[in-house]
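Colleague: Below is upload.txt; it holds compact mmCIF, C-alpha atoms.
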# COMPACT_ATOMS: atom_id res chain seq x y z
CA MET O 1 187.99 -11.68 12.08
CA THR O 2 187.92 -15.30 10.99
CA ALA O 3 187.62 -17.99 13.65
CA HIS O 4 190.32 -20.63 13.53
CA LEU O 5 189.36 -24.18 14.43
CA GLU O 6 192.09 -26.55 15.52
CA PHE O 7 191.44 -30.29 15.56
CA ASP O 8 193.46 -32.66 17.73
CA ARG O 9 194.54 -35.36 15.31
CA SER O 10 196.65 -37.03 17.99
CA ASP O 11 193.83 -37.78 20.44
CA ASP O 12 193.19 -41.31 19.21
CA LYS O 13 196.93 -42.03 19.09
CA VAL O 14 197.93 -41.30 22.68
CA ALA O 15 198.44 -44.10 25.19
CA ASN O 16 195.52 -45.03 27.39
CA ARG O 17 197.51 -44.02 30.47
CA ILE O 18 197.43 -40.36 29.44
CA HIS O 19 193.66 -40.24 29.89
CA LYS O 20 194.11 -41.42 33.51
CA MET O 21 196.66 -38.75 34.43
CA ARG O 22 195.73 -35.51 36.19
CA SER O 23 197.38 -32.16 35.74
CA SER O 24 199.03 -30.76 38.87
CA PRO O 25 196.69 -28.20 40.41
CA VAL O 26 199.70 -26.31 41.76
CA ARG O 27 201.02 -25.85 38.21
CA ASP O 28 197.54 -24.85 37.06
CA LEU O 29 197.34 -22.20 39.81
CA PHE O 30 200.68 -20.60 38.96
CA SER O 31 199.25 -18.18 36.39
CA ALA O 32 196.56 -17.00 38.81
CA ALA O 33 199.09 -16.74 41.64
CA THR O 34 201.21 -14.26 39.67
CA ARG O 35 198.43 -11.64 39.68
CA ASP O 36 199.39 -8.58 41.71
CA ASP O 37 196.17 -8.74 43.72
CA VAL O 38 196.52 -12.42 44.70
CA ILE O 39 198.38 -13.75 47.75
CA SER O 40 199.37 -17.32 46.97
CA LEU O 41 199.20 -20.01 49.63
CA SER O 42 199.23 -22.75 47.00
CA GLY O 43 202.88 -23.30 46.08
CA GLY O 44 205.62 -25.08 47.95
CA MET O 45 208.34 -22.64 47.00
CA PRO O 46 211.34 -21.93 49.20
CA ASP O 47 212.09 -18.23 49.46
CA VAL O 48 215.24 -18.08 47.32
CA ARG O 49 215.29 -14.31 47.90
CA LEU O 50 216.91 -15.19 51.22
CA LEU O 51 219.98 -16.69 49.51
CA PRO O 52 223.08 -14.48 49.77
CA VAL O 53 224.05 -13.38 46.28
CA GLU O 54 227.77 -13.56 47.01
CA GLU O 55 227.61 -17.21 48.09
CA VAL O 56 225.65 -18.24 44.99
CA ASP O 57 228.04 -16.26 42.77
CA ARG O 58 230.99 -17.96 44.44
CA ALA O 59 229.58 -21.42 43.65
CA ILE O 60 228.86 -20.47 40.03
CA GLU O 61 232.33 -18.98 39.55
CA ALA O 62 233.97 -22.05 41.07
CA ALA O 63 232.09 -24.28 38.62
CA MET O 64 233.39 -22.22 35.68
CA HIS O 65 236.72 -20.87 36.96
CA SER O 66 239.09 -22.80 34.67
CA PRO O 67 238.81 -24.10 31.08
CA LYS O 68 238.88 -27.69 32.41
CA ASP O 69 236.11 -27.09 34.99
CA ARG O 70 234.04 -25.16 32.46
CA ALA O 71 234.39 -27.89 29.83
CA GLU O 72 233.29 -30.57 32.31
CA ALA O 73 230.36 -28.48 33.53
CA LEU O 74 229.11 -27.91 29.98
CA GLN O 75 229.63 -31.50 28.79
CA TYR O 76 227.63 -34.71 29.10
CA GLY O 77 228.18 -36.51 32.38
CA SER O 78 227.76 -40.05 33.65
CA THR O 79 224.27 -41.40 34.21
CA GLU O 80 224.98 -41.76 37.93
CA GLY O 81 226.12 -38.13 38.25
CA ARG O 82 229.32 -36.27 39.09
CA PRO O 83 231.45 -38.24 41.58
CA GLY O 84 232.15 -35.10 43.63
CA MET O 85 228.44 -34.31 43.98
CA ARG O 86 227.68 -37.90 44.95
CA SER O 87 230.28 -37.58 47.72
CA VAL O 88 228.55 -34.38 48.85
CA VAL O 89 225.28 -36.34 49.11
CA CYS O 90 227.04 -38.91 51.30
CA ASP O 91 228.08 -36.08 53.62
CA LEU O 92 224.59 -34.55 53.65
CA VAL O 93 222.79 -37.78 54.52
CA ARG O 94 225.41 -38.73 57.10
CA ASP O 95 224.32 -35.63 59.02
CA VAL O 96 220.84 -37.14 59.43
CA GLY O 97 222.03 -40.63 60.34
CA ILE O 98 222.46 -42.41 57.00
CA ARG O 99 225.79 -43.97 56.06
CA CYS O 100 226.45 -44.68 52.39
CA LYS O 101 229.15 -44.61 49.73
CA PRO O 102 229.08 -42.70 46.42
CA GLU O 103 228.29 -45.95 44.58
CA ASN O 104 225.02 -46.05 46.55
CA VAL O 105 223.97 -42.64 45.18
CA LEU O 106 222.20 -41.84 41.90
CA LEU O 107 221.80 -38.15 41.07
CA THR O 108 218.53 -37.14 39.42
CA SER O 109 216.98 -34.03 37.92
CA GLY O 110 215.27 -33.15 41.17
CA ALA O 111 213.53 -35.72 43.36
CA GLN O 112 210.60 -35.57 40.94
CA GLU O 113 212.61 -37.46 38.33
CA ALA O 114 213.47 -40.02 41.00
CA LEU O 115 209.76 -40.63 41.58
CA ASP O 116 209.19 -41.18 37.88
CA LEU O 117 212.18 -43.54 37.64
CA ILE O 118 210.85 -45.56 40.58
CA GLY O 119 207.42 -45.79 38.99
CA LYS O 120 208.86 -46.82 35.64
CA THR O 121 211.18 -49.38 37.22
CA PHE O 122 208.80 -51.10 39.64
CA ILE O 123 205.18 -50.60 38.58
CA ASP O 124 203.29 -52.72 36.05
CA ALA O 125 199.67 -51.86 35.28
CA GLY O 126 197.48 -53.14 38.11
CA ASP O 127 200.27 -53.39 40.68
CA ILE O 128 199.59 -52.18 44.21
CA ILE O 129 201.37 -49.28 45.85
CA ILE O 130 200.61 -47.85 49.29
CA THR O 131 200.73 -44.16 50.15
CA GLU O 132 199.84 -41.98 53.07
CA GLY O 133 196.46 -40.31 52.90
CA PRO O 134 196.86 -37.50 52.00
CA THR O 135 200.14 -37.62 50.08
CA TYR O 136 202.32 -35.54 47.75
CA LEU O 137 200.20 -34.81 44.70
CA THR O 138 202.95 -34.97 42.07
CA ALA O 139 204.11 -38.32 43.42
CA LEU O 140 200.61 -39.55 42.59
CA GLN O 141 201.00 -37.85 39.22
CA ALA O 142 204.34 -39.57 38.56
CA PHE O 143 203.13 -43.01 39.62
CA SER O 144 199.79 -42.76 37.80
CA ALA O 145 201.53 -42.90 34.41
CA TYR O 146 202.29 -46.57 35.13
CA GLU O 147 198.68 -47.39 36.11
CA PRO O 148 199.03 -48.77 39.65
CA GLU O 149 196.25 -49.53 42.08
CA VAL O 150 196.86 -46.99 44.85
CA HIS O 151 195.89 -47.91 48.40
CA PHE O 152 196.12 -45.04 50.88
CA VAL O 153 196.41 -45.24 54.65
CA GLU O 154 195.17 -42.30 56.71
CA CYS O 155 197.52 -40.22 58.87
CA ASP O 156 196.99 -38.69 62.28
CA GLU O 157 199.25 -36.34 64.22
CA ASP O 158 201.89 -39.10 64.46
CA GLY O 159 202.01 -39.91 60.75
CA MET O 160 200.73 -42.97 58.91
CA ARG O 161 198.60 -45.11 61.22
CA MET O 162 200.26 -48.49 61.55
CA ASP O 163 197.06 -50.20 62.73
CA LEU O 164 195.35 -49.20 59.49
CA LEU O 165 198.42 -50.17 57.47
CA GLU O 166 198.50 -53.62 59.05
CA ALA O 167 194.80 -54.11 58.30
CA GLU O 168 195.37 -53.05 54.69
CA LEU O 169 198.36 -55.37 54.32
CA GLU O 170 196.31 -58.23 55.74
CA ARG O 171 193.73 -57.63 53.01
CA ILE O 172 196.46 -57.50 50.36
CA GLY O 173 198.07 -60.68 51.69
CA HIS O 174 201.56 -61.90 52.49
CA ASN O 175 204.04 -62.02 49.59
CA ASN O 176 201.47 -60.70 47.14
CA PRO O 177 203.53 -60.22 43.94
CA ARG O 178 201.39 -57.21 42.98
CA LEU O 179 202.40 -55.27 46.10
CA LYS O 180 205.48 -53.25 45.12
CA PHE O 181 206.19 -50.42 47.57
CA ALA O 182 204.95 -48.01 50.20
CA TYR O 183 205.69 -44.36 49.50
CA VAL O 184 206.05 -42.24 52.65
CA ILE O 185 207.19 -38.72 53.64
CA PRO O 186 208.00 -39.18 57.33
CA ASN O 187 209.26 -35.64 58.07
CA PHE O 188 206.83 -32.70 57.94
CA GLN O 189 204.74 -34.54 55.41
CA ASN O 190 203.46 -32.85 52.26
CA PRO O 191 200.64 -31.85 52.50
CA SER O 192 199.73 -32.49 56.14
CA GLY O 193 202.87 -31.22 57.87
CA VAL O 194 202.84 -34.10 60.38
CA THR O 195 205.88 -36.18 61.35
CA MET O 196 205.96 -39.95 61.75
CA THR O 197 207.03 -41.08 65.21
CA PRO O 198 210.12 -43.28 65.73
CA GLU O 199 207.91 -46.15 66.88
CA ARG O 200 205.89 -46.04 63.66
CA ARG O 201 209.03 -45.85 61.53
CA ARG O 202 210.36 -48.99 63.17
CA ARG O 203 207.03 -50.74 62.72
CA LEU O 204 206.89 -49.74 59.06
CA VAL O 205 210.29 -51.32 58.50
CA GLU O 206 209.17 -54.50 60.28
CA LEU O 207 206.03 -54.71 58.15
CA SER O 208 208.03 -54.21 54.95
CA HIS O 209 209.93 -57.41 55.74
CA GLU O 210 206.87 -59.30 56.94
CA TYR O 211 204.83 -58.50 53.81
CA ASN O 212 207.72 -58.18 51.34
CA PHE O 213 207.45 -54.64 49.98
CA ILE O 214 209.92 -51.81 49.41
CA ILE O 215 209.84 -48.59 51.43
CA VAL O 216 210.33 -45.47 49.33
CA GLU O 217 211.21 -42.69 51.80
CA ASP O 218 210.96 -39.14 50.45
CA ASP O 219 212.74 -36.58 52.64
CA PRO O 220 212.78 -33.11 51.05
CA TYR O 221 211.88 -31.23 54.26
CA GLY O 222 213.76 -33.06 57.03
CA ARG O 223 216.36 -30.33 57.59
CA ILE O 224 213.72 -27.58 57.88
CA ARG O 225 212.92 -28.22 61.55
CA PHE O 226 211.62 -25.43 63.78
CA GLU O 227 211.14 -27.31 67.04
CA GLY O 228 211.36 -30.79 68.52
CA GLY O 229 214.15 -33.33 68.17
CA HIS O 230 215.68 -34.93 65.09
CA GLN O 231 213.98 -38.12 63.87
CA ILE O 232 216.08 -40.96 62.49
CA PRO O 233 215.16 -41.76 58.85
CA CYS O 234 213.73 -45.16 57.97
CA LYS O 235 216.82 -45.58 55.76
CA ALA O 236 219.01 -45.51 58.87
CA LEU O 237 216.96 -48.41 60.27
CA ASP O 238 217.13 -50.57 57.15
CA ASP O 239 219.58 -50.33 54.26
CA GLU O 240 217.00 -51.77 51.84
CA VAL O 241 214.94 -48.56 52.08
CA VAL O 242 215.04 -46.43 48.92
CA TYR O 243 215.74 -42.89 50.15
CA LEU O 244 215.05 -39.73 48.11
CA GLY O 245 216.45 -36.26 48.72
CA THR O 246 216.80 -32.91 46.99
CA ILE O 247 218.51 -29.53 47.27
CA SER O 248 215.29 -27.79 46.21
CA LYS O 249 214.16 -26.84 49.74
CA ILE O 250 217.59 -26.11 51.25
CA PHE O 251 219.22 -24.30 48.33
CA ALA O 252 217.64 -23.56 44.94
CA PRO O 253 214.95 -25.54 43.09
CA GLY O 254 216.02 -23.96 39.80
CA LEU O 255 219.15 -26.11 39.99
CA ARG O 256 217.58 -29.49 39.34
CA VAL O 257 219.58 -31.81 41.59
CA GLY O 258 218.04 -34.62 43.62
CA TRP O 259 219.21 -38.08 44.58
CA VAL O 260 218.35 -41.66 45.35
CA VAL O 261 220.29 -43.53 48.03
CA ALA O 262 219.70 -47.26 47.68
CA PRO O 263 221.42 -50.64 47.49
CA ARG O 264 223.48 -51.08 44.32
CA HIS O 265 221.13 -53.74 42.94
CA VAL O 266 218.33 -51.17 43.01
CA LEU O 267 220.43 -48.33 41.61
CA SER O 268 221.57 -50.45 38.67
CA LYS O 269 217.95 -50.82 37.56
CA LEU O 270 217.16 -47.14 38.11
CA SER O 271 220.29 -46.13 36.18
CA LEU O 272 219.25 -48.29 33.25
CA VAL O 273 215.87 -46.56 33.16
CA LYS O 274 217.46 -43.13 33.54
CA GLN O 275 219.60 -43.72 30.46
CA GLY O 276 216.43 -43.92 28.41
CA THR O 277 214.96 -40.86 30.11
CA ASP O 278 217.66 -38.19 29.94
CA LEU O 279 221.03 -39.98 29.52
CA CYS O 280 222.44 -37.93 32.40
CA GLY O 281 221.58 -35.01 34.62
CA SER O 282 222.81 -31.44 34.19
CA SER O 283 226.56 -31.35 34.74
CA ILE O 284 226.59 -27.61 35.31
CA ASP O 285 223.79 -27.78 37.89
CA GLN O 286 225.59 -30.57 39.73
CA SER O 287 228.88 -28.66 39.65
CA ILE O 288 227.34 -25.47 41.06
CA VAL O 289 225.54 -27.40 43.79
CA GLN O 290 228.70 -29.34 44.66
CA HIS O 291 230.66 -26.12 45.13
CA TYR O 292 227.86 -24.50 47.13
CA PHE O 293 227.84 -27.33 49.68
CA THR O 294 231.63 -27.62 49.66
CA ASP O 295 232.90 -24.02 49.51
CA THR O 296 230.26 -21.84 51.20
CA PRO O 297 228.81 -21.63 54.75
CA TRP O 298 225.53 -23.21 53.64
CA GLN O 299 224.54 -24.29 57.17
CA ARG O 300 224.41 -20.64 58.20
CA VAL O 301 222.17 -19.86 55.23
CA LEU O 302 219.93 -22.81 56.13
CA GLN O 303 219.55 -21.45 59.66
CA LYS O 304 218.37 -18.17 58.13
CA PHE O 305 215.74 -20.06 56.13
CA ILE O 306 214.60 -21.87 59.28
CA SER O 307 214.37 -18.66 61.31
CA VAL O 308 212.32 -16.86 58.67
CA TYR O 309 210.03 -19.84 58.03
CA THR O 310 209.42 -20.25 61.77
CA GLU O 311 208.26 -16.65 61.99
CA ARG O 312 205.97 -17.14 59.00
CA ARG O 313 204.52 -20.40 60.32
CA ASP O 314 203.79 -18.73 63.63
CA ALA O 315 202.11 -15.80 61.85
CA MET O 316 199.89 -18.17 59.89
CA LEU O 317 198.95 -20.19 62.97
CA ALA O 318 198.10 -17.00 64.86
CA ALA O 319 195.95 -15.78 61.97
CA LEU O 320 194.14 -19.11 61.79
CA GLU O 321 193.33 -18.84 65.50
CA GLU O 322 192.11 -15.28 65.07
CA TYR O 323 190.09 -15.50 61.87
CA PHE O 324 189.03 -19.06 61.07
CA PRO O 325 185.62 -20.33 62.22
CA PRO O 326 185.35 -22.83 65.09
CA GLU O 327 184.29 -25.56 62.66
CA ALA O 328 187.81 -25.56 61.13
CA THR O 329 190.80 -27.55 62.39
CA TRP O 330 194.43 -27.54 61.26
CA THR O 331 197.80 -29.15 61.83
CA HIS O 332 200.68 -27.62 63.81
CA PRO O 333 203.82 -28.61 61.89
CA GLU O 334 207.18 -28.71 63.67
CA GLY O 335 208.92 -27.93 60.38
CA GLY O 336 208.51 -28.02 56.63
CA LEU O 337 206.39 -25.71 54.51
CA PHE O 338 202.71 -26.62 54.90
CA ILE O 339 199.63 -26.57 57.11
CA TRP O 340 196.64 -28.84 56.42
CA VAL O 341 193.20 -27.40 57.12
CA THR O 342 190.08 -29.52 57.61
CA LEU O 343 186.58 -28.05 57.26
CA PRO O 344 183.23 -29.75 57.92
CA GLU O 345 182.69 -32.70 55.63
CA TYR O 346 179.92 -30.99 53.70
CA VAL O 347 182.27 -28.21 52.47
CA ASP O 348 183.88 -28.76 49.06
CA THR O 349 187.13 -26.78 48.90
CA GLY O 350 187.46 -27.47 45.19
CA SER O 351 184.24 -25.65 44.34
CA MET O 352 185.21 -22.86 46.77
CA LEU O 353 188.51 -22.09 45.01
CA ALA O 354 187.04 -19.74 42.39
CA GLU O 355 185.49 -17.63 45.14
CA ALA O 356 188.82 -17.56 46.97
CA LEU O 357 190.56 -16.39 43.80
CA ASP O 358 188.04 -13.58 43.48
CA ALA O 359 188.93 -12.63 47.05
CA GLY O 360 192.64 -12.59 46.15
CA VAL O 361 193.97 -15.77 47.74
CA THR O 362 194.86 -19.27 46.51
CA TYR O 363 195.28 -22.67 48.16
CA VAL O 364 195.34 -26.26 46.93
CA PRO O 365 192.10 -28.25 47.39
CA GLY O 366 192.55 -31.36 49.50
CA ASP O 367 191.26 -33.94 47.02
CA SER O 368 194.37 -33.27 44.89
CA PHE O 369 196.38 -35.21 47.48
CA TYR O 370 194.37 -38.43 47.27
CA PRO O 371 193.88 -40.98 44.52
CA LYS O 372 190.98 -39.88 42.34
CA ALA O 373 187.71 -39.23 44.21
CA SER O 374 188.84 -40.96 47.41
CA GLY O 375 189.16 -38.22 50.01
CA GLY O 376 190.13 -34.73 51.06
CA LYS O 377 187.24 -32.80 49.49
CA ASN O 378 186.71 -30.82 52.69
CA CYS O 379 190.41 -30.06 53.19
CA MET O 380 193.05 -27.68 51.84
CA ARG O 381 196.81 -27.28 51.89
CA ILE O 382 198.19 -23.83 52.65
CA ASN O 383 201.85 -22.79 52.40
CA PHE O 384 203.68 -20.33 54.64
CA SER O 385 207.25 -20.35 53.28
CA TYR O 386 207.14 -17.63 50.62
CA GLU O 387 204.91 -14.75 51.72
CA SER O 388 205.67 -12.20 54.44
CA PRO O 389 203.96 -12.53 57.85
CA GLU O 390 201.80 -9.52 56.97
CA ASN O 391 200.69 -11.06 53.68
CA LEU O 392 200.04 -14.41 55.34
CA THR O 393 197.82 -12.76 57.94
CA GLU O 394 195.90 -10.89 55.24
CA ALA O 395 195.55 -14.05 53.12
CA ILE O 396 194.10 -15.99 56.05
CA ARG O 397 191.70 -13.12 56.78
CA ARG O 398 190.48 -13.14 53.16
CA LEU O 399 190.18 -16.91 53.13
CA ALA O 400 188.27 -16.90 56.42
CA GLU O 401 185.69 -14.56 54.92
CA VAL O 402 185.23 -16.92 51.96
CA ILE O 403 184.83 -19.91 54.29
CA GLU O 404 182.40 -18.05 56.54
CA ARG O 405 180.16 -17.15 53.59
CA ARG O 406 180.18 -20.80 52.51
CA LEU O 407 179.39 -21.98 56.04
CA GLU O 408 176.54 -19.49 56.37
CA LEU O 409 175.00 -21.05 53.28
CA TYR O 410 175.38 -24.55 54.69
CA ARG O 411 173.95 -23.49 58.05
CA VAL O 412 170.73 -22.62 56.25
CA PHE O 413 170.56 -26.16 54.89
CA ILE O 414 171.43 -27.59 58.32
CA ASP O 415 168.63 -25.61 59.96
CA ALA O 416 166.28 -26.90 57.27
CA GLY O 417 167.37 -30.50 57.97
CA ALA O 418 168.92 -31.00 54.52
CA ILE O 419 172.43 -31.60 55.93
CA ASP O 420 173.34 -33.71 58.95
CA PRO O 421 175.82 -31.64 61.04
CA SER O 422 176.87 -34.71 63.03
CA ARG O 423 178.91 -36.00 60.09
CA ALA O 424 182.44 -35.63 61.43
CA PRO O 425 185.22 -34.26 59.26
CA ILE O 426 188.17 -36.48 58.42
CA ASN O 427 191.12 -35.01 60.32
CA VAL O 428 194.85 -35.44 60.25
CA HIS O 429 195.49 -33.42 63.42
CA MET O 430 193.23 -31.01 65.23
CA ARG O 431 194.48 -27.85 66.89
Rewrite the coordinates I just gave you, this time as structure tokens.
Modeller:
Amino acid sequence: MTAHLEFDRSDDKVANRIHKMRSSPVRDLFSAATRDDVISLSGGMPDVRLLPVEEVDRAIEAAMHSPKDRAEALQYGSTEGRPGMRSVVCDLVRDVGIRCKPENVLLTSGAQEALDLIGKTFIDAGDIIITEGPTYLTALQAFSAYEPEVHFVECDEDGMRMDLLEAELERIGHNNPRLKFAYVIPNFQNPSGVTMTPERRRRLVELSHEYNFIIVEDDPYGRIRFEGGHQIPCKALDDEVVYLGTISKIFAPGLRVGWVVAPRHVLSKLSLVKQGTDLCGSSIDQSIVQHYFTDTPWQRVLQKFISVYTERRDAMLAALEEYFPPEATWTHPEGGLFIWVTLPEYVDTGSMLAEALDAGVTYVPGDSFYPKASGGKNCMRINFSYESPENLTEAIRRLAEVIERRLELYRVFIDAGAIDPSRAPINVHMR
């Protein structure tokens, strides 16, 4: 057998920004997570197996039921998106306290495209953006292509800490032209699961005016609430907020429909950029989604999602209490899809992942959710939305054994005086 060598002749041709971009660890874990012997806690997938087949079929048939509808669904559409679907978005966001008109809505190929459009529209190399610490890893991936300077502000159980944000803004300075926006996920934040309090949302809006930056509010999980009261979005407090949403967590992520709700002067710039990206979104996806939210009892289906996810969250929390060592802490989300686990600072969850895979469980190491080499090495994100309660309990048991073996090793070093056990872990929210 002759070895075949393949040389990359494009390596010296690619843009410098490519060398600064990181692959998504969740995407990288997908192949391992499909093994029959592995229970995956790494993805953020809604359980689309819960969707009623007849309701989905009804939406698909409605999108294709006449030659006219079929022709429109299979044709190019406007850059802004189907007018009917934009009206549906207005109805959806009105339910959470946001009032807008269809001309204030831009449909995107999932909220991920919206993040890329925002980065491309607002970020020049060296500009400053602010994120929560930790934050959504593929938002960092989208923004990194445009080479910003990312400043993160730590969260606690009440979301982004406004005292730390104010201190950071003071260092950046008033009206600094390099400061472009703060990216936040106020509801059941990915990855931490925490929710920003109303007081902090109001303060964030005040600071955006005082220091002249845009708020980009990402809200994919807000409707997936298990307990507690509804929180008003930042967008409802200030029309200048750029608000992102998606059907991925409340319907089907395979239908790539997300949206931006923003003032028209912002949407005109995003639309211009979108034209150069994909001309327009998928007309057939938008048509199916429009009919689903117009013609089917989708709220009843959403309540089924919430009921099942609540049971799974509770199973994971119970397993964490039963199996995890006392050195570990974790968040208690009131909704969403994720729990954030913090281990002692001397534990590196990235180096532990291979051992976890051997034990048949996956998670996402915490440093994936911070700008490069700036935090989270002793943390992990675990997901409860897709696996059964029984599988979640077994996955936590397996993971606890991996952690315990790692801690036993470190305890030897602690006893020998090589590690200082007084170094406190960085927490988002302790149990």
Colleague: Of the candidates O:Ile339, O:Gly43, O:Ile60, O:Tyr309, which one gets nearest to Leu255 (chain O) if we count all atoms listed in the file?
Modeller: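 With all atoms listed in the file as the atom set, the closest residue is O:Ile60.
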Colleague: Would you kindly return, as a list in words, each protein, DNA or RNA residue with an atom no farther than 10 Å from any atom of region 237-239 of chain O, considering all atoms listed in the file and excluding same-chain residues fewer than 5 positions away?
Modeller: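 So, after excluding close chain neighbours, the residues are Gly97, Ile98, Arg99, Cys100, Arg201, Arg202, Val205, Glu206, Ile215, Ile232, Val261, Ala262 and Pro263 of chain O.
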Colleague: Taking 3 positions as the minimum chain separation for residues in the same chain, which residues sit within 6 Å of Pro389 (chain O) when counting only C-alpha atoms? Answer as an NGL selection string.
Modeller: :O and (312 or 315 or 392)
Colleague: Quick check, in Å to one decimal: how far apart do CA of Glu132 (chain O) and CA of Glu199 (chain O) lie?
Modeller: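 Calculated distance between CA of Glu132 (chain O) and CA of Glu199 (chain O) is 16.5 Å.
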Colleague: Which distance in Å separates CA of Leu140 (chain O) and CA of Leu399 (chain O), to one decimal?
Modeller: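 Between these atoms lies a distance of 27.1 Å.
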Colleague: So which one's closest to Leu353 (chain O), O:Leu41, O:Leu117, O:Ala252, O:Val242? Using all atoms listed in the file, please.
Modeller: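 Closest to Leu353 (chain O), using all atoms listed in the file: O:Leu41.
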Colleague: Please indicate the distance in Å from CA of Val38 (chain O) to CA of Trp340 (chain O), rounded to one decimal place.
Modeller: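 Separation between CA of Val38 (chain O) and CA of Trp340 (chain O): 20.2 Å.
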Colleague: Rank nothing, just name the residue among O:Pro186, O:Leu279, O:Lys68, O:Lys269 nearest to Cys234 (chain O), using only C-alpha atoms.
Modeller: O:Pro186
Colleague: Please tell me which residues are no farther than 12 Å from (186.4, -21.8, 59.5) in the file, counting all atoms listed in the file, and write them as an MDAnalysis selection string.
Modeller: chainID O and resid 319:330 341:344 347 349 378:380 396:408
Colleague: If you take all atoms listed in the file and a cut-off of 12 Å, which residues of region 287-342 of chain O touch region 53-56 of chain O, and what are their nearest atom pairs and distances in Å to one decimal, in chain and number order, as CSV?
Modeller:
residue,atom,partner,partner_atom,distance
O:Ile288,CA,O:Val56,CA,8.4
O:Val289,CA,O:Val56,CA,9.2
O:Gln290,CA,O:Val56,CA,11.5
O:His291,CA,O:Val56,CA,9.3
O:Tyr292,CA,O:Val56,CA,7.0
O:Phe293,CA,O:Glu55,CA,10.2
O:Thr294,CA,O:Glu55,CA,11.3
O:Asp295,CA,O:Glu55,CA,8.7
O:Thr296,CA,O:Glu55,CA,6.2
O:Pro297,CA,O:Glu55,CA,8.1
O:Trp298,CA,O:Glu55,CA,8.4
O:Gln299,CA,O:Glu55,CA,11.9
O:Arg300,CA,O:Glu55,CA,11.1
O:Val301,CA,O:Glu55,CA,9.4
Colleague: Keeping only C-alpha atoms, write the selected residues to a file as a CSV table (one decimal), in the frame of the given file.
Modeller:
chain,number,residue,atom,x,y,z
O,288,ILE,CA,227.3,-25.5,41.1
O,289,VAL,CA,225.5,-27.4,43.8
O,290,GLN,CA,228.7,-29.3,44.7
O,291,HIS,CA,230.7,-26.1,45.1
O,292,TYR,CA,227.9,-24.5,47.1
O,293,PHE,CA,227.8,-27.3,49.7
O,294,THR,CA,231.6,-27.6,49.7
O,295,ASP,CA,232.9,-24.0,49.5
O,296,THR,CA,230.3,-21.8,51.2
O,297,PRO,CA,228.8,-21.6,54.8
O,298,TRP,CA,225.5,-23.2,53.6
O,299,GLN,CA,224.5,-24.3,57.2
O,300,ARG,CA,224.4,-20.6,58.2
O,301,VAL,CA,222.2,-19.9,55.2
Colleague: Skip region 357-372 of chain O itself and residues of its chain fewer than 6 positions away, then list as a PyMOL selection string all residues within 6 Å of it, counting all atoms listed in the file.
Modeller: chain O and resi 37-42+134-137+349-350+379-382+395
Colleague: What's the 7 Å shell around region 76-82 of chain O, counting all atoms listed in the file, without same-chain residues fewer than 3 positions away, as a list of chain:residue names?
Modeller: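 So the residues in contact are O:Met85, O:Arg86, O:Leu106, O:Leu107, O:Ser271, O:Gln275, O:Leu279, O:Cys280, O:Gly281, O:Ser283, O:Gln286.
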